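Here is the file my_file24.pdb (PDB, C-alpha atoms).
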```pdb
ATOM      1  CA  MET A   1      65.810 126.332  78.703
ATOM      2  CA  LYS A   2      65.712 123.662  75.996
ATOM      3  CA  PHE A   3      68.221 121.634  77.893
ATOM      4  CA  ASP A   4      66.140 121.761  81.073
ATOM      5  CA  GLU A   5      63.013 120.845  79.152
ATOM      6  CA  ARG A   6      64.783 117.943  77.546
ATOM      7  CA  GLU A   7      65.941 116.788  80.939
ATOM      8  CA  GLN A   8      62.396 116.965  82.255
ATOM      9  CA  GLU A   9      61.316 114.681  79.450
ATOM     10  CA  MET A  10      63.484 111.905  80.761
ATOM     11  CA  ASP A  11      61.642 108.727  81.278
ATOM     12  CA  LEU A  12      60.115 107.941  84.588
ATOM     13  CA  GLU A  13      62.433 105.073  85.370
ATOM     14  CA  LEU A  14      65.498 107.226  85.019
ATOM     15  CA  ASN A  15      63.977 109.928  87.214
ATOM     16  CA  VAL A  16      63.115 107.400  89.871
ATOM     17  CA  ALA A  17      66.592 105.886  89.682
ATOM     18  CA  LEU A  18      68.204 109.298  90.016
ATOM     19  CA  ARG A  19      65.943 110.195  92.913
ATOM     20  CA  ASN A  20      66.865 106.955  94.680
ATOM     21  CA  PHE A  21      70.512 107.564  93.921
ATOM     22  CA  ARG A  22      70.252 111.039  95.456
ATOM     23  CA  LYS A  23      68.534 109.605  98.546
ATOM     24  CA  CYS A  24      71.234 106.968  98.780
ATOM     25  CA  VAL A  25      74.053 109.507  98.643
ATOM     26  CA  HIS A  26      72.342 111.816 101.116
ATOM     27  CA  GLY A  27      71.640 108.950 103.531
ATOM     28  CA  TRP A  28      75.135 107.552 103.251
ATOM     29  CA  SER A  29      76.660 111.004 103.674
ATOM     30  CA  GLU A  30      74.588 111.730 106.770
ATOM     31  CA  GLN A  31      75.572 108.398 108.252
ATOM     32  CA  GLU A  32      79.272 108.888 107.506
ATOM     33  CA  PHE A  33      79.252 112.532 108.563
ATOM     34  CA  SER A  34      77.996 111.673 112.036
ATOM     35  CA  LYS A  35      80.767 109.086 112.526
ATOM     36  CA  ALA A  36      83.865 110.081 114.462
ATOM     37  CA  ARG A  37      86.998 109.376 112.469
ATOM     38  CA  THR A  38      90.626 110.287 112.419
ATOM     39  CA  ILE A  39      91.997 112.162 109.455
ATOM     40  CA  ARG A  40      94.334 110.034 107.387
ATOM     41  CA  ARG A  41      97.476 111.661 106.142
ATOM     42  CA  SER A  42     100.436 110.295 104.249
ATOM     43  CA  HIS A  43     103.920 110.157 105.766
ATOM     44  CA  TRP A  44     105.175 112.722 103.269
ATOM     45  CA  ASP A  45     102.329 115.019 104.124
ATOM     46  CA  ALA A  46     103.124 114.654 107.830
ATOM     47  CA  ILE A  47     106.813 115.359 107.188
ATOM     48  CA  PHE A  48     105.955 118.378 105.064
ATOM     49  CA  ARG A  49     103.596 119.713 107.706
ATOM     50  CA  THR A  50     106.248 119.218 110.392
ATOM     51  CA  ILE A  51     108.800 121.105 108.321
ATOM     52  CA  ALA A  52     106.301 123.807 107.464
ATOM     53  CA  SER A  53     105.324 124.380 111.114
ATOM     54  CA  PRO A  54     106.365 127.836 112.391
ATOM     55  CA  MET A  55     108.518 126.507 115.231
ATOM     56  CA  MET A  56     110.369 124.161 112.919
ATOM     57  CA  ALA A  57     110.786 126.948 110.370
ATOM     58  CA  TRP A  58     112.277 129.255 113.015
ATOM     59  CA  THR A  59     114.560 126.517 114.292
ATOM     60  CA  MET A  60     115.785 125.783 110.789
ATOM     61  CA  ALA A  61     116.266 129.476 110.040
ATOM     62  CA  CYS A  62     118.286 129.966 113.234
ATOM     63  CA  SER A  63     120.384 126.864 112.517
ATOM     64  CA  LEU A  64     121.045 128.110 109.014
ATOM     65  CA  LEU A  65     122.035 131.533 110.332
ATOM     66  CA  VAL A  66     124.372 130.057 112.939
ATOM     67  CA  ALA A  67     125.898 127.736 110.349
ATOM     68  CA  SER A  68     126.322 130.491 107.763
ATOM     69  CA  VAL A  69     128.141 132.701 110.280
ATOM     70  CA  GLY A  70     129.851 130.041 112.391
ATOM     71  CA  VAL A  71     131.377 127.910 109.647
ATOM     72  CA  PRO A  72     133.287 130.738 107.896
ATOM     73  CA  LEU A  73     134.421 132.054 111.300
ATOM     74  CA  THR A  74     135.697 128.643 112.339
ATOM     75  CA  VAL A  75     137.482 128.152 109.021
ATOM     76  CA  HIS A  76     139.078 131.607 109.306
ATOM     77  CA  HIS A  77     140.113 130.919 112.899
ATOM     78  CA  GLN A  78     141.692 127.572 111.973
ATOM     79  CA  ARG A  79     143.570 129.187 109.104
ATOM     80  CA  GLN A  80     144.823 131.948 111.412
ATOM     81  CA  ILE A  81     146.072 129.378 113.924
ATOM     82  CA  ALA A  82     147.940 127.514 111.156
ATOM     83  CA  ILE A  83     149.595 130.749 109.947
ATOM     84  CA  ASP A  84     150.614 131.643 113.518
ATOM     85  CA  ARG A  85     152.123 128.192 114.018
ATOM     86  CA  GLN A  86     154.058 128.470 110.788
ATOM     87  CA  LEU A  87     155.391 131.917 111.723
ATOM     88  CA  ALA A  88     156.422 130.676 115.167
ATOM     89  CA  ALA A  89     158.260 127.713 113.616
ATOM     90  CA  GLU A  90     160.084 129.987 111.169
ATOM     91  CA  LYS A  91     161.025 132.358 113.985
ATOM     92  CA  GLN A  92     162.344 129.485 116.092
ATOM     93  CA  LEU A  93     164.388 128.205 113.153
ATOM     94  CA  ARG A  94     165.905 131.628 112.601
ATOM     95  CA  GLN A  95     166.762 131.917 116.304
ATOM     96  CA  GLU A  96     168.402 128.508 116.252
ATOM     97  CA  GLN A  97     170.430 129.414 113.177
ATOM     98  CA  ALA A  98     171.566 132.669 114.832
ATOM     99  CA  ARG A  99     172.479 130.812 117.998
ATOM    100  CA  ALA A 100     174.487 128.284 115.986
ATOM    101  CA  ALA A 101     176.319 131.066 114.140
ATOM    102  CA  VAL A 102     177.202 132.788 117.432
ATOM    103  CA  ALA A 103     178.428 129.491 118.879
ATOM    104  CA  ALA A 104     180.573 128.781 115.798
ATOM    105  CA  GLU A 105     182.118 132.265 115.951
ATOM    106  CA  SER A 106     182.905 131.992 119.637
ATOM    107  CA  ALA A 107     184.419 128.544 119.107
ATOM    108  CA  MET A 108     186.781 129.971 116.448
ATOM    109  CA  ASN A 109     187.946 132.777 118.781
ATOM    110  CA  ASP A 110     188.793 130.287 121.504
ATOM    111  CA  ASP A 111     190.987 128.259 119.115
ATOM    112  CA  GLU A 112     192.891 131.348 118.010
ATOM    113  CA  LEU A 113     193.432 132.384 121.653
ATOM    114  CA  LEU A 114     194.739 128.969 122.593
ATOM    115  CA  SER A 115     197.170 128.902 119.652
ATOM    116  CA  HIS A 116     198.485 132.378 120.682
ATOM    117  CA  VAL A 117     198.942 131.179 124.215
ATOM    118  CA  ASP A 118     200.772 128.084 122.980
ATOM    119  CA  SER A 119     203.150 130.098 120.825
ATOM    120  CA  ASP A 120     203.726 132.615 123.594
ATOM    121  CA  ILE A 121     204.501 129.869 126.061
ATOM    122  CA  ALA A 122     206.688 128.090 123.551
ATOM    123  CA  GLN A 123     208.780 131.210 122.845
ATOM    124  CA  ALA A 124     209.126 132.314 126.434
ATOM    125  CA  ALA A 125     212.197 130.841 128.257
ATOM    126  CA  PRO A 126     213.352 131.438 131.822
ATOM    127  CA  ASP A 127     216.504 133.630 132.378
ATOM    128  CA  ALA A 128     218.547 130.718 133.517
ATOM    129  CA  MET A 129     217.762 128.833 130.305
ATOM    130  CA  GLN A 130     218.572 131.779 127.986
ATOM    131  CA  PRO A 131     222.081 130.602 126.921
ATOM    132  CA  LEU A 132     220.693 127.201 126.037
ATOM    133  CA  ALA A 133     217.890 128.785 124.151
ATOM    134  CA  ILE A 134     220.355 130.929 122.207
ATOM    135  CA  LEU A 135     222.402 127.874 121.399
ATOM    136  CA  MET A 136     219.272 126.048 120.314
ATOM    137  CA  SER A 137     218.273 128.869 118.088
ATOM    138  CA  ASP A 138     221.825 129.138 116.630
ATOM    139  CA  ALA A 139     222.219 125.380 116.221
ATOM    140  CA  ALA A 140     218.867 124.823 114.660
ATOM    141  CA  PRO A 141     219.738 126.239 111.211
ATOM    142  CA  ALA A 142     223.122 124.336 111.266
ATOM    143  CA  ASN A 143     221.302 121.108 112.005
ATOM    144  CA  THR A 144     218.876 121.864 109.315
ATOM    145  CA  GLU A 145     221.650 122.557 106.866
ATOM    146  CA  GLN A 146     223.342 119.253 107.831
TER     147      GLN A 146
ATOM    148  CA  MET B   1      64.044 119.722  89.697
ATOM    149  CA  GLY B   2      63.340 122.458  92.187
ATOM    150  CA  LYS B   3      65.578 125.179  93.329
ATOM    151  CA  PRO B   4      68.306 123.425  95.273
ATOM    152  CA  ALA B   5      68.641 124.256  98.904
ATOM    153  CA  VAL B   6      72.263 123.208  98.856
ATOM    154  CA  ALA B   7      73.400 125.612  96.209
ATOM    155  CA  ALA B   8      71.338 128.481  97.543
ATOM    156  CA  ALA B   9      73.067 131.790  97.260
ATOM    157  CA  PHE B  10      74.801 132.884 100.414
ATOM    158  CA  PRO B  11      75.780 136.460  99.651
ATOM    159  CA  ARG B  12      78.761 137.735 101.500
ATOM    160  CA  ASP B  13      78.326 141.083 103.135
ATOM    161  CA  ALA B  14      81.010 143.322 104.502
ATOM    162  CA  ALA B  15      80.678 142.025 108.023
ATOM    163  CA  MET B  16      81.399 138.429 107.074
ATOM    164  CA  ASN B  17      85.130 138.506 107.239
ATOM    165  CA  SER B  18      85.941 137.499 110.748
ATOM    166  CA  THR B  19      86.910 134.057 111.939
ATOM    167  CA  ALA B  20      83.695 133.663 113.882
ATOM    168  CA  GLU B  21      81.678 134.354 110.776
ATOM    169  CA  PHE B  22      83.734 131.940 108.761
ATOM    170  CA  ALA B  23      83.121 129.316 111.443
ATOM    171  CA  GLU B  24      79.411 129.823 110.866
ATOM    172  CA  VAL B  25      79.869 129.346 107.127
ATOM    173  CA  ALA B  26      81.978 126.227 107.704
ATOM    174  CA  THR B  27      79.383 124.738 110.029
ATOM    175  CA  ARG B  28      76.641 125.420 107.534
ATOM    176  CA  PHE B  29      78.316 124.106 104.393
ATOM    177  CA  ARG B  30      80.563 121.382 105.713
ATOM    178  CA  PRO B  31      77.989 118.555 105.376
ATOM    179  CA  GLN B  32      77.345 119.482 101.744
ATOM    180  CA  ILE B  33      81.029 119.629 100.851
ATOM    181  CA  PHE B  34      81.545 116.293 102.583
ATOM    182  CA  ARG B  35      78.596 114.799 100.700
ATOM    183  CA  PHE B  36      79.878 115.962  97.325
ATOM    184  CA  LEU B  37      83.377 114.635  98.037
ATOM    185  CA  LEU B  38      82.037 111.375  99.429
ATOM    186  CA  ALA B  39      79.897 110.807  96.338
ATOM    187  CA  SER B  40      82.815 111.660  94.048
ATOM    188  CA  LEU B  41      85.506 109.667  95.844
ATOM    189  CA  ARG B  42      83.420 106.946  97.552
ATOM    190  CA  ASP B  43      86.003 107.060 100.322
ATOM    191  CA  PRO B  44      84.715 108.455 103.643
ATOM    192  CA  ASP B  45      88.189 109.053 105.080
ATOM    193  CA  ALA B  46      89.450 110.817 101.967
ATOM    194  CA  ALA B  47      86.224 112.839 101.811
ATOM    195  CA  GLU B  48      86.681 113.919 105.440
ATOM    196  CA  THR B  49      90.318 114.840 104.871
ATOM    197  CA  LEU B  50      89.536 116.842 101.733
ATOM    198  CA  THR B  51      86.615 118.551 103.471
ATOM    199  CA  GLN B  52      88.996 119.703 106.209
ATOM    200  CA  ASP B  53      91.524 120.834 103.604
ATOM    201  CA  CYS B  54      88.817 122.656 101.682
ATOM    202  CA  LEU B  55      87.665 124.577 104.752
ATOM    203  CA  LEU B  56      91.246 125.324 105.735
ATOM    204  CA  LYS B  57      91.993 126.697 102.287
ATOM    205  CA  ALA B  58      88.746 128.653 102.300
ATOM    206  CA  HIS B  59      89.601 130.125 105.701
ATOM    207  CA  ARG B  60      93.012 131.233 104.463
ATOM    208  CA  ASN B  61      91.452 132.898 101.418
ATOM    209  CA  TRP B  62      88.329 134.153 103.118
ATOM    210  CA  THR B  63      89.438 137.766 102.989
ATOM    211  CA  SER B  64      90.067 137.527  99.234
ATOM    212  CA  PHE B  65      86.583 136.137  98.525
ATOM    213  CA  ARG B  66      84.733 138.924  96.762
ATOM    214  CA  GLY B  67      81.286 137.405  96.692
ATOM    215  CA  GLU B  68      81.129 137.144  92.907
ATOM    216  CA  SER B  69      79.481 133.758  93.343
ATOM    217  CA  SER B  70      77.659 132.157  96.242
ATOM    218  CA  VAL B  71      79.757 130.886  99.123
ATOM    219  CA  MET B  72      78.674 127.312  98.366
ATOM    220  CA  THR B  73      79.786 127.603  94.733
ATOM    221  CA  TRP B  74      83.106 129.052  95.880
ATOM    222  CA  LEU B  75      83.613 126.277  98.423
ATOM    223  CA  LEU B  76      82.703 123.645  95.861
ATOM    224  CA  ARG B  77      85.197 125.120  93.461
ATOM    225  CA  ILE B  78      87.919 124.679  96.094
ATOM    226  CA  ALA B  79      86.679 121.145  96.802
ATOM    227  CA  ILE B  80      86.752 120.265  93.087
ATOM    228  CA  ASN B  81      90.348 121.483  92.780
ATOM    229  CA  LEU B  82      91.378 119.496  95.859
ATOM    230  CA  GLN B  83      89.631 116.464  94.428
ATOM    231  CA  LYS B  84      91.590 116.878  91.181
ATOM    232  CA  ASP B  85      94.844 117.032  93.151
ATOM    233  CA  HIS B  86      93.768 113.968  95.088
ATOM    234  CA  TRP B  87      93.176 111.954  91.912
ATOM    235  CA  ARG B  88      96.443 113.184  90.455
ATOM    236  CA  SER B  89      98.378 112.116  93.555
ATOM    237  CA  ARG B  90      96.562 108.768  93.542
ATOM    238  CA  ARG B  91      97.620 108.270  89.920
ATOM    239  CA  LEU B  92     101.215 109.138  90.798
ATOM    240  CA  GLN B  93     101.170 106.671  93.659
ATOM    241  CA  PHE B  94      99.955 103.787  91.512
ATOM    242  CA  TRP B  95     103.100 101.855  92.370
ATOM    243  CA  LYS B  96     102.551 102.286  96.034
ATOM    244  CA  GLN B  97     100.590  99.844  98.178
ATOM    245  CA  THR B  98      98.177 102.336  99.656
ATOM    246  CA  SER B  99      95.292 101.501 101.884
ATOM    247  CA  ASN B 100      92.196 101.880  99.807
ATOM    248  CA  ASN B 101      89.090 102.713 101.762
ATOM    249  CA  SER B 102      86.903 103.344  98.749
ATOM    250  CA  VAL B 103      83.560 101.660  98.669
ATOM    251  CA  ASP B 104      82.538  99.759  95.563
ATOM    252  CA  ALA B 105      79.306 100.234  93.669
ATOM    253  CA  GLU B 106      77.645  97.205  95.252
ATOM    254  CA  GLU B 107      78.306  98.439  98.762
ATOM    255  CA  ALA B 108      77.445 102.056  97.979
ATOM    256  CA  GLY B 109      74.034 100.966  96.684
ATOM    257  CA  SER B 110      73.060  99.531 100.037
ATOM    258  CA  TRP B 111      72.655 102.928 101.717
ATOM    259  CA  LEU B 112      69.183 103.471 100.349
ATOM    260  CA  PRO B 113      66.860 104.826 103.052
ATOM    261  CA  SER B 114      63.960 102.472 103.556
ATOM    262  CA  GLY B 115      61.312 104.802 102.155
ATOM    263  CA  GLU B 116      59.875 102.287  99.739
ATOM    264  CA  SER B 117      56.655 100.593 100.682
ATOM    265  CA  SER B 118      57.357  96.978  99.901
ATOM    266  CA  PRO B 119      60.440  94.765 100.023
ATOM    267  CA  GLU B 120      60.138  94.233  96.262
ATOM    268  CA  GLN B 121      60.195  97.952  95.615
ATOM    269  CA  GLN B 122      63.158  98.303  97.935
ATOM    270  CA  THR B 123      65.000  95.599  96.034
ATOM    271  CA  VAL B 124      64.249  97.277  92.719
ATOM    272  CA  ALA B 125      65.343 100.653  94.123
ATOM    273  CA  LYS B 126      68.593  99.216  95.455
ATOM    274  CA  ASP B 127      69.257  97.582  92.135
ATOM    275  CA  GLN B 128      68.678 100.879  90.335
ATOM    276  CA  VAL B 129      70.999 102.687  92.698
ATOM    277  CA  ARG B 130      73.692 100.066  92.181
ATOM    278  CA  GLN B 131      73.361 100.492  88.432
ATOM    279  CA  VAL B 132      73.668 104.270  88.716
ATOM    280  CA  TRP B 133      76.761 103.874  90.917
ATOM    281  CA  LYS B 134      78.228 101.484  88.373
ATOM    282  CA  ALA B 135      77.581 103.982  85.579
ATOM    283  CA  VAL B 136      79.057 106.815  87.664
ATOM    284  CA  LYS B 137      82.154 104.744  88.294
ATOM    285  CA  GLY B 138      82.716 104.520  84.545
ATOM    286  CA  LEU B 139      82.425 108.268  83.972
ATOM    287  CA  SER B 140      85.380 110.530  83.453
ATOM    288  CA  GLU B 141      86.403 112.725  86.369
ATOM    289  CA  ARG B 142      84.760 115.800  84.886
ATOM    290  CA  GLN B 143      81.591 114.009  83.820
ATOM    291  CA  ARG B 144      81.268 112.545  87.304
ATOM    292  CA  THR B 145      81.727 115.952  88.923
ATOM    293  CA  VAL B 146      79.085 117.510  86.694
ATOM    294  CA  PHE B 147      76.719 114.591  87.256
ATOM    295  CA  MET B 148      77.106 114.755  91.039
ATOM    296  CA  LEU B 149      76.625 118.502  91.186
ATOM    297  CA  ARG B 150      73.521 118.263  89.033
ATOM    298  CA  HIS B 151      71.803 115.158  90.384
ATOM    299  CA  VAL B 152      73.062 114.941  93.961
ATOM    300  CA  GLU B 153      73.609 118.569  94.894
ATOM    301  CA  GLU B 154      70.790 119.703  92.556
ATOM    302  CA  MET B 155      72.704 122.695  91.313
ATOM    303  CA  GLU B 156      71.698 124.747  88.289
ATOM    304  CA  ILE B 157      73.776 124.547  85.111
ATOM    305  CA  HIS B 158      75.161 128.073  85.521
ATOM    306  CA  GLU B 159      76.180 127.330  89.111
ATOM    307  CA  ILE B 160      77.956 124.153  88.010
ATOM    308  CA  ALA B 161      79.684 126.115  85.259
ATOM    309  CA  THR B 162      80.893 128.666  87.820
ATOM    310  CA  ALA B 163      82.028 125.990  90.267
ATOM    311  CA  ILE B 164      83.980 124.020  87.676
ATOM    312  CA  GLY B 165      85.172 127.014  85.697
ATOM    313  CA  LEU B 166      83.701 125.873  82.377
ATOM    314  CA  SER B 167      81.153 127.342  80.012
ATOM    315  CA  GLU B 168      77.512 126.328  80.389
ATOM    316  CA  GLY B 169      77.662 124.619  76.990
ATOM    317  CA  THR B 170      80.574 122.445  78.047
ATOM    318  CA  VAL B 171      78.818 121.554  81.283
ATOM    319  CA  LYS B 172      75.709 120.528  79.325
ATOM    320  CA  ALA B 173      77.827 118.414  76.986
ATOM    321  CA  HIS B 174      79.482 116.622  79.898
ATOM    322  CA  LEU B 175      76.138 116.090  81.570
ATOM    323  CA  SER B 176      74.588 114.710  78.368
ATOM    324  CA  ARG B 177      77.394 112.185  77.984
ATOM    325  CA  ALA B 178      77.059 111.188  81.605
ATOM    326  CA  MET B 179      73.314 110.721  81.218
ATOM    327  CA  VAL B 180      73.799 108.589  78.119
ATOM    328  CA  ARG B 181      76.001 106.307  80.143
ATOM    329  CA  VAL B 182      73.578 106.152  83.080
ATOM    330  CA  ARG B 183      70.694 105.452  80.747
ATOM    331  CA  ALA B 184      72.652 102.723  79.028
ATOM    332  CA  GLU B 185      73.475 101.157  82.371
ATOM    333  CA  LEU B 186      69.860 101.240  83.434
ATOM    334  CA  GLY B 187      68.919  99.619  80.127
ATOM    335  CA  GLY B 188      66.712 102.499  79.103
ATOM    336  CA  LYS B 189      66.122 103.347  75.446
ATOM    337  CA  ARG B 190      65.744 106.872  74.115
TER     338      ARG B 190
END
```

Produce structure tokens that represent the structure in this file.
Amino acid sequence: MKFDEREQEMDLELNVALRNFRKCVHGWSEQEFSKARTIRRSHWDAIFRTIASPMMAWTMACSLLVASVGVPLTVHHQRQIAIDRQLAAEKQLRQEQARAAVAAESAMNDDELLSHVDSDIAQAAPDAMQPLAILMSDAAPANTEQ
Amino acid sequence: MGKPAVAAAFPRDAAMNSTAEFAEVATRFRPQIFRFLLASLRDPDAAETLTQDCLLKAHRNWTSFRGESSVMTWLLRIAINLQKDHWRSRRLQFWKQTSNNSVDAEEAGSWLPSGESSPEQQTVAKDQVRQVWKAVKGLSERQRTVFMLRHVEEMEIHEIATAIGLSEGTVKAHLSRAMVRVRAELGGKR
């Protein structure tokens, strides 16, 4: 109460000034309030409000969900493809090696067969040539000894 | 100083929780919130923006309002907090070239309604108002808020204390300091 009483004791000039000030603010406010104006917002505020809008929030949530599922799946898929390629390459290499081994083996058999044939042909003599062949075989050591 | 119409109690009953009822409250108190913010900020655009924000915030929290104070006091409390945030963001943006729509003391003093009888009296009144604006400009944020609530919104000390969230003693101290400054600006001696 003392405070209010003390306030009431304020000099007349101050009271008048405060009353005029109040009138001024009220008049100014009424004038400004009746004016049509656009609400000013900062760029950051606008960006924040855009991000915070429900549609944007849902879009971002969906994108995040798709990314969180899709990225690991893609990475896994790529890795699987790489492993498959590597396995296929190894398999092909093994097949080629096996094929080469088979070819080498078959080549060796052919050589042996040909040498047998050669020796067989070389040793075989017609009946009419038998005496000459016997002579050749008898003479050969004598020539060698000479 | 009579009982202020602005800060009149607006008790909240159980029925006042729907959007339609809040719209009624917003329509009723919006001019007063705008006036308080305009007087504090001296920027009509900022005052309009903060008034919208205040009502938006109030609407969001309308269901949690328990009616411990009057609706006007509650709304003013929200407005004061928004005003604090506004000043804080303005201080943070000191480096930024922002468009400043605030009105200076000279210009603000020219809105005096022509209620005075003679041109001389009007001139004296305008001069007084300019001096009060100048003094208000030099007050701290809290002193200015208390001064505006007391001398523009004509609120009682206990209502101001509730709106600001301070004790009545602190409010009186802030008001005294503000009045000293206003008196000094007006050239009065006490």

Chain and number of each residue from the ChimeraX specification (/B :<6) & /A, as a PyMOL selection string: chain A and resi 17+21-22+24+28-29+39

Output of the PyMOL selection byres ((chain B and resi 143-145) around 12), listed as number ranges by chain: B: 36-42, 76-77, 79-81, 83-84, 132-142, 146-153, 155, 160-161, 163-164, 170-182

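Put simply, CA of Gln31 in chain A is 13.2 Å away from CA of Asp43 in chain B.
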
CA of Ser69 in chain B to CA of Lys23 in chain A, straight-line distance in Å: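 Between these atoms lies a distance of 27.0 Å.
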
Residue IDs satisfying the PyMOL selection byres ((chain B and resi 56) around 12), as a list in words: Thr19, Phe22, Ala23, Ala26, Arg30, Thr49, Leu50, Thr51, Gln52, Asp53, Cys54, Leu55, Lys57, Ala58, His59, Arg60, Asn61, Trp62, Leu75, Ile78, Ala79 and Leu82 of chain B

Keeping only C-alpha atoms, write the selected residues as a PDB file, keeping the file's coordinate frame.
```
ATOM      1  CA  THR B  19      86.910 134.057 111.939  1.00  0.00           C
ATOM      2  CA  PHE B  22      83.734 131.940 108.761  1.00  0.00           C
ATOM      3  CA  ALA B  23      83.121 129.316 111.443  1.00  0.00           C
ATOM      4  CA  ALA B  26      81.978 126.227 107.704  1.00  0.00           C
ATOM      5  CA  ARG B  30      80.563 121.382 105.713  1.00  0.00           C
ATOM      6  CA  THR B  49      90.318 114.840 104.871  1.00  0.00           C
ATOM      7  CA  LEU B  50      89.536 116.842 101.733  1.00  0.00           C
ATOM      8  CA  THR B  51      86.615 118.551 103.471  1.00  0.00           C
ATOM      9  CA  GLN B  52      88.996 119.703 106.209  1.00  0.00           C
ATOM     10  CA  ASP B  53      91.524 120.834 103.604  1.00  0.00           C
ATOM     11  CA  CYS B  54      88.817 122.656 101.682  1.00  0.00           C
ATOM     12  CA  LEU B  55      87.665 124.577 104.752  1.00  0.00           C
ATOM     13  CA  LYS B  57      91.993 126.697 102.287  1.00  0.00           C
ATOM     14  CA  ALA B  58      88.746 128.653 102.300  1.00  0.00           C
ATOM     15  CA  HIS B  59      89.601 130.125 105.701  1.00  0.00           C
ATOM     16  CA  ARG B  60      93.012 131.233 104.463  1.00  0.00           C
ATOM     17  CA  ASN B  61      91.452 132.898 101.418  1.00  0.00           C
ATOM     18  CA  TRP B  62      88.329 134.153 103.118  1.00  0.00           C
ATOM     19  CA  LEU B  75      83.613 126.277  98.423  1.00  0.00           C
ATOM     20  CA  ILE B  78      87.919 124.679  96.094  1.00  0.00           C
ATOM     21  CA  ALA B  79      86.679 121.145  96.802  1.00  0.00           C
ATOM     22  CA  LEU B  82      91.378 119.496  95.859  1.00  0.00           C
TER      23      LEU B  82
END
```

CA of Ser63 in chain A to CA of Ile47 in chain A, distance in Å rounded to a single decimal: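 About the pair CA of Ser63 in chain A and CA of Ile47 in chain A: they are 18.6 Å apart.
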